[in-house]
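Below: query.cif (mmCIF, C-alpha atoms)
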data_start
loop_
_atom_site.label_atom_id
_atom_site.label_comp_id
_atom_site.auth_asym_id
_atom_site.auth_seq_id
_atom_site.Cartn_x
_atom_site.Cartn_y
_atom_site.Cartn_z
CA MET L 1 -24.31 57.73 -8.58
CA ARG L 2 -25.10 61.42 -7.91
CA ARG L 3 -22.44 62.35 -10.44
CA LEU L 4 -24.23 60.41 -13.15
CA GLY L 5 -27.63 61.72 -12.18
CA VAL L 6 -29.24 58.24 -12.26
CA SER L 7 -29.94 55.55 -9.70
CA ARG L 8 -28.29 52.15 -9.74
CA ARG L 9 -31.62 50.61 -10.67
CA GLN L 10 -32.02 52.94 -13.68
CA LEU L 11 -28.45 52.19 -14.80
CA PHE L 12 -29.10 48.44 -14.51
CA GLU L 13 -32.36 48.65 -16.47
CA THR L 14 -30.90 50.74 -19.30
CA VAL L 15 -27.37 49.28 -19.67
CA GLU L 16 -27.04 45.86 -18.08
CA ARG L 17 -30.45 44.17 -18.44
CA PRO L 18 -30.43 44.33 -22.28
CA ALA L 19 -26.98 42.66 -22.28
CA LEU L 20 -28.04 39.76 -20.05
CA ALA L 21 -28.70 36.35 -21.60
CA SER L 22 -31.13 33.85 -20.16
CA LEU L 23 -29.81 31.16 -17.85
CA PRO L 24 -29.07 27.77 -19.43
CA LEU L 25 -31.74 25.10 -18.99
CA GLU L 26 -29.19 22.51 -17.79
CA ASP L 27 -27.28 22.79 -14.53
CA TYR L 28 -23.54 23.48 -14.72
CA GLU L 29 -21.40 20.37 -14.29
CA PHE L 30 -17.74 20.56 -13.36
CA ALA L 31 -15.49 18.39 -15.50
CA GLU L 32 -11.75 17.75 -15.63
CA TRP L 33 -10.15 16.45 -18.81
CA ARG L 34 -6.91 14.49 -18.57
CA LEU L 35 -4.76 12.44 -20.89
CA ALA L 36 -4.51 8.98 -19.34
CA ARG L 37 -2.88 5.71 -20.28
CA VAL L 38 -5.14 2.71 -19.96
CA SER L 39 -3.23 0.03 -18.11
CA THR L 40 -3.30 -3.62 -19.03
CA ASP L 41 -5.64 -4.17 -16.08
CA TYR L 42 -8.20 -1.90 -17.80
CA HIS L 43 -7.99 0.95 -15.31
CA VAL L 44 -6.84 4.56 -15.45
CA GLU L 45 -5.49 6.35 -12.41
CA PHE L 46 -6.69 9.82 -11.46
CA LYS L 47 -5.65 11.46 -8.18
CA THR L 48 -4.66 8.07 -6.71
CA PHE L 49 -8.06 6.55 -7.51
CA PHE L 50 -8.49 3.88 -10.15
CA TYR L 51 -11.36 3.86 -12.61
CA SER L 52 -12.32 1.02 -14.90
CA VAL L 53 -12.44 1.70 -18.62
CA PRO L 54 -15.81 0.99 -20.23
CA GLN L 55 -14.41 -0.55 -23.44
CA PRO L 56 -11.13 -2.26 -22.52
CA HIS L 57 -10.74 -4.05 -25.83
CA SER L 58 -10.34 -0.77 -27.70
CA SER L 59 -8.18 1.12 -25.21
CA ALA L 60 -5.71 -1.05 -23.28
CA GLY L 61 -2.17 0.25 -23.56
CA ARG L 62 -3.15 3.38 -25.46
CA SER L 63 -3.05 6.99 -24.34
CA GLU L 64 -6.29 8.76 -24.99
CA SER L 65 -8.08 11.90 -24.08
CA ASN L 66 -11.48 10.34 -24.27
CA GLY L 67 -13.30 13.12 -22.50
CA ALA L 68 -13.79 11.01 -19.42
CA HIS L 69 -16.21 13.31 -17.68
CA HIS L 70 -16.71 12.87 -13.95
CA ARG L 71 -20.29 11.66 -14.47
CA ASP L 72 -19.04 8.94 -16.87
CA LEU L 73 -16.69 7.47 -14.27
CA PRO L 74 -17.85 4.92 -11.72
CA PRO L 75 -18.09 6.07 -8.11
CA ARG L 76 -14.81 6.15 -6.25
CA GLN L 77 -14.03 3.25 -4.03
CA ALA L 78 -14.05 3.85 -0.28
CA ARG L 79 -10.28 4.11 -0.09
CA ARG L 80 -7.54 5.45 -2.30
CA GLY L 81 -5.96 2.96 -4.66
CA ALA L 82 -9.00 0.71 -4.68
CA SER L 83 -10.49 -0.68 -7.85
CA ALA L 84 -12.50 -3.67 -8.95
CA PRO L 85 -11.05 -6.48 -11.04
CA LEU L 86 -12.48 -6.68 -14.53
CA TRP L 87 -11.06 -9.91 -15.89
CA ARG L 88 -14.52 -11.30 -16.52
CA SER L 89 -15.29 -8.44 -18.92
CA SER L 90 -12.03 -8.51 -20.84
CA PRO L 91 -12.20 -9.37 -24.53
CA TRP L 92 -10.90 -12.69 -25.89
CA ASN L 93 -7.77 -11.11 -27.43
CA HIS L 94 -6.68 -9.81 -24.00
CA ARG L 95 -7.01 -13.13 -22.19
CA ARG L 96 -3.23 -13.31 -21.82
CA TYR L 97 -3.55 -10.73 -19.05
CA ALA L 98 -6.03 -13.02 -17.36
CA GLU L 99 -3.19 -15.55 -17.20
CA TRP L 100 -1.56 -13.27 -14.65
CA THR L 101 -2.05 -15.03 -11.37
CA PRO L 102 -0.62 -14.58 -7.89
CA GLU L 103 1.31 -17.81 -8.46
CA ARG L 104 2.82 -16.47 -11.67
CA PHE L 105 4.08 -13.34 -9.88
CA ARG L 106 5.43 -15.47 -7.00
CA ARG L 107 7.38 -17.64 -9.47
CA TRP L 108 8.78 -14.55 -11.19
CA ALA L 109 9.77 -13.07 -7.82
CA THR L 110 11.29 -16.37 -6.66
CA SER L 111 13.58 -16.33 -9.69
CA ILE L 112 15.11 -13.17 -8.19
CA GLY L 113 15.21 -14.35 -4.59
CA PRO L 114 13.31 -15.10 -1.38
CA GLN L 115 13.10 -11.47 -0.25
CA THR L 116 11.54 -10.46 -3.55
CA GLU L 117 9.09 -13.34 -3.24
CA ALA L 118 8.18 -12.11 0.26
CA LEU L 119 7.62 -8.62 -1.13
CA VAL L 120 5.29 -9.87 -3.86
CA ILE L 121 3.36 -11.98 -1.35
CA ALA L 122 3.01 -8.94 0.94
CA ILE L 123 1.79 -6.73 -1.90
CA LEU L 124 -0.80 -9.24 -3.07
CA ALA L 125 -1.97 -9.91 0.49
CA SER L 126 -2.42 -6.19 1.21
CA ARG L 127 -5.12 -5.77 -1.45
CA PRO L 128 -8.77 -6.82 -1.18
CA HIS L 129 -8.35 -8.58 -4.55
CA PRO L 130 -4.91 -9.92 -5.59
CA GLU L 131 -5.47 -8.55 -9.11
CA GLN L 132 -5.20 -5.06 -7.65
CA GLY L 133 -1.58 -5.77 -6.79
CA PHE L 134 -0.58 -7.10 -10.20
CA ARG L 135 0.31 -3.69 -11.60
CA THR L 136 2.53 -2.93 -8.61
CA CYS L 137 4.22 -6.34 -8.72
CA ARG L 138 4.77 -6.12 -12.46
CA GLY L 139 6.34 -2.67 -12.12
CA ILE L 140 8.69 -3.77 -9.34
CA LEU L 141 9.73 -6.97 -11.07
CA ARG L 142 10.37 -5.17 -14.35
CA LEU L 143 12.57 -2.64 -12.55
CA PHE L 144 14.49 -5.46 -10.90
CA ARG L 145 15.45 -6.84 -14.32
CA ASP L 146 17.87 -3.93 -14.73
CA ILE L 147 19.60 -4.12 -11.36
CA ASP L 148 21.89 -6.58 -9.64
CA ARG L 149 20.11 -9.52 -7.98
CA ASN L 150 21.69 -8.79 -4.56
CA ARG L 151 20.59 -5.18 -4.73
CA ALA L 152 17.06 -6.22 -5.71
CA GLU L 153 16.95 -8.56 -2.73
CA ALA L 154 18.18 -5.80 -0.40
CA VAL L 155 15.53 -3.41 -1.74
CA SER L 156 12.85 -6.08 -1.32
CA ALA L 157 13.93 -6.85 2.25
CA ARG L 158 13.78 -3.16 3.15
CA ALA L 159 10.36 -2.76 1.52
CA VAL L 160 8.98 -5.74 3.47
CA GLU L 161 10.49 -4.29 6.66
CA ILE L 162 8.85 -0.90 6.08
CA GLY L 163 5.50 -2.44 5.17
CA PRO L 164 2.58 -1.01 3.21
#
Would you write the structure of this file as structure tokens?
Amino acid sequence: MRRLGVSRRQLFETVERPALASLPLEDYEFAEWRLARVSTDYHVEFKTFFYSVPQPHSSAGRSESNGAHHRDLPPRQARRGASAPLWRSSPWNHRRYAEWTPERFRRWATSIGPQTEALVIAILASRPHPEQGFRTCRGILRLFRDIDRNRAEAVSARAVEIGP
């Protein structure tokens, strides 16, 4: 600062202080914005956590960037992959999803074979609420539609052997 012939304090007062703005009245809040597809079980997944959607009747099956701010999301469940079933809050025109039952998934799996049925039973039993396994079961059973029944049974047997 000797070269300039002024102190740091003088430089701050003459150059920097006039350029400073006042601090905002509200605290800074960190937010992440993501495009998410609302599943038919009225949840979106973010970093392996599931969050319920406040207005399922207007969003299910659609991709939206709704500005889901971290303060707008419910608190995370105690463990990854956990969520709460929301069938009681689903609108009347989405009641067909409420017809998804553990028995329905077992029947669907049984139509493929006993190993697939065992896999579905294991998935549903591994969740605190069976509804939390519906998305997984549906995904597996839909994939099995496109492969040979024997291969699906072998995959199921291996999955049951490995466990959750």
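Picture a line from CA of Glu153 in chain L to CA of Glu45 in chain L; it runs 28.6 Å.
Our summary of the geometry notes that CA of Ile121 in chain L is positioned 24.0 Å from CA of Val44 in chain L.
Distances from L:Arg149, L:Lys47, L:Arg135, L:Arg34 to Ile112 in chain L were compared using all atoms listed in the file, and the smallest one belongs to L:Arg149.
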Here's the selection I'm unsure about, the PyMOL selection byres ((chain L and resi 107) around 12); applied to the file above, which residues does it give, as a list in words?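 Applied to this file, the PyMOL selection byres ((chain L and resi 107) around 12) returns Trp100, Thr101, Pro102, Glu103, Arg104, Phe105, Arg106, Trp108, Ala109, Thr110, Ser111, Ile112, Gly113, Pro114, Thr116, Glu117, Ala118, Val120, Ile121, Cys137 and Leu141 of chain L.
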Please determine, counting all atoms listed in the file, which residue among L:Arg158, L:Phe49, L:Ser39, L:Arg151 has the shortest atom-to-atom distance to Phe134 in chain L. L:Ser39
Taking all atoms listed in the file into account, which of L:Thr136, L:Thr48, L:Ser156, L:Thr14 comes nearest Ile123 in chain L?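 Counting all atoms listed in the file, the residue closest to Ile123 in chain L is L:Thr136.
Here CA of Ile162 in chain L is placed at a distance of 11.2 Å from CA of Ala122 in chain L.
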Which residues are close to Val53 in chain L, i.e. within 8 Å by all atoms listed in the file, leaving aside same-chain residues fewer than 6 positions away? Reply as a ChimeraX atom specification. /L:38,42-44,59
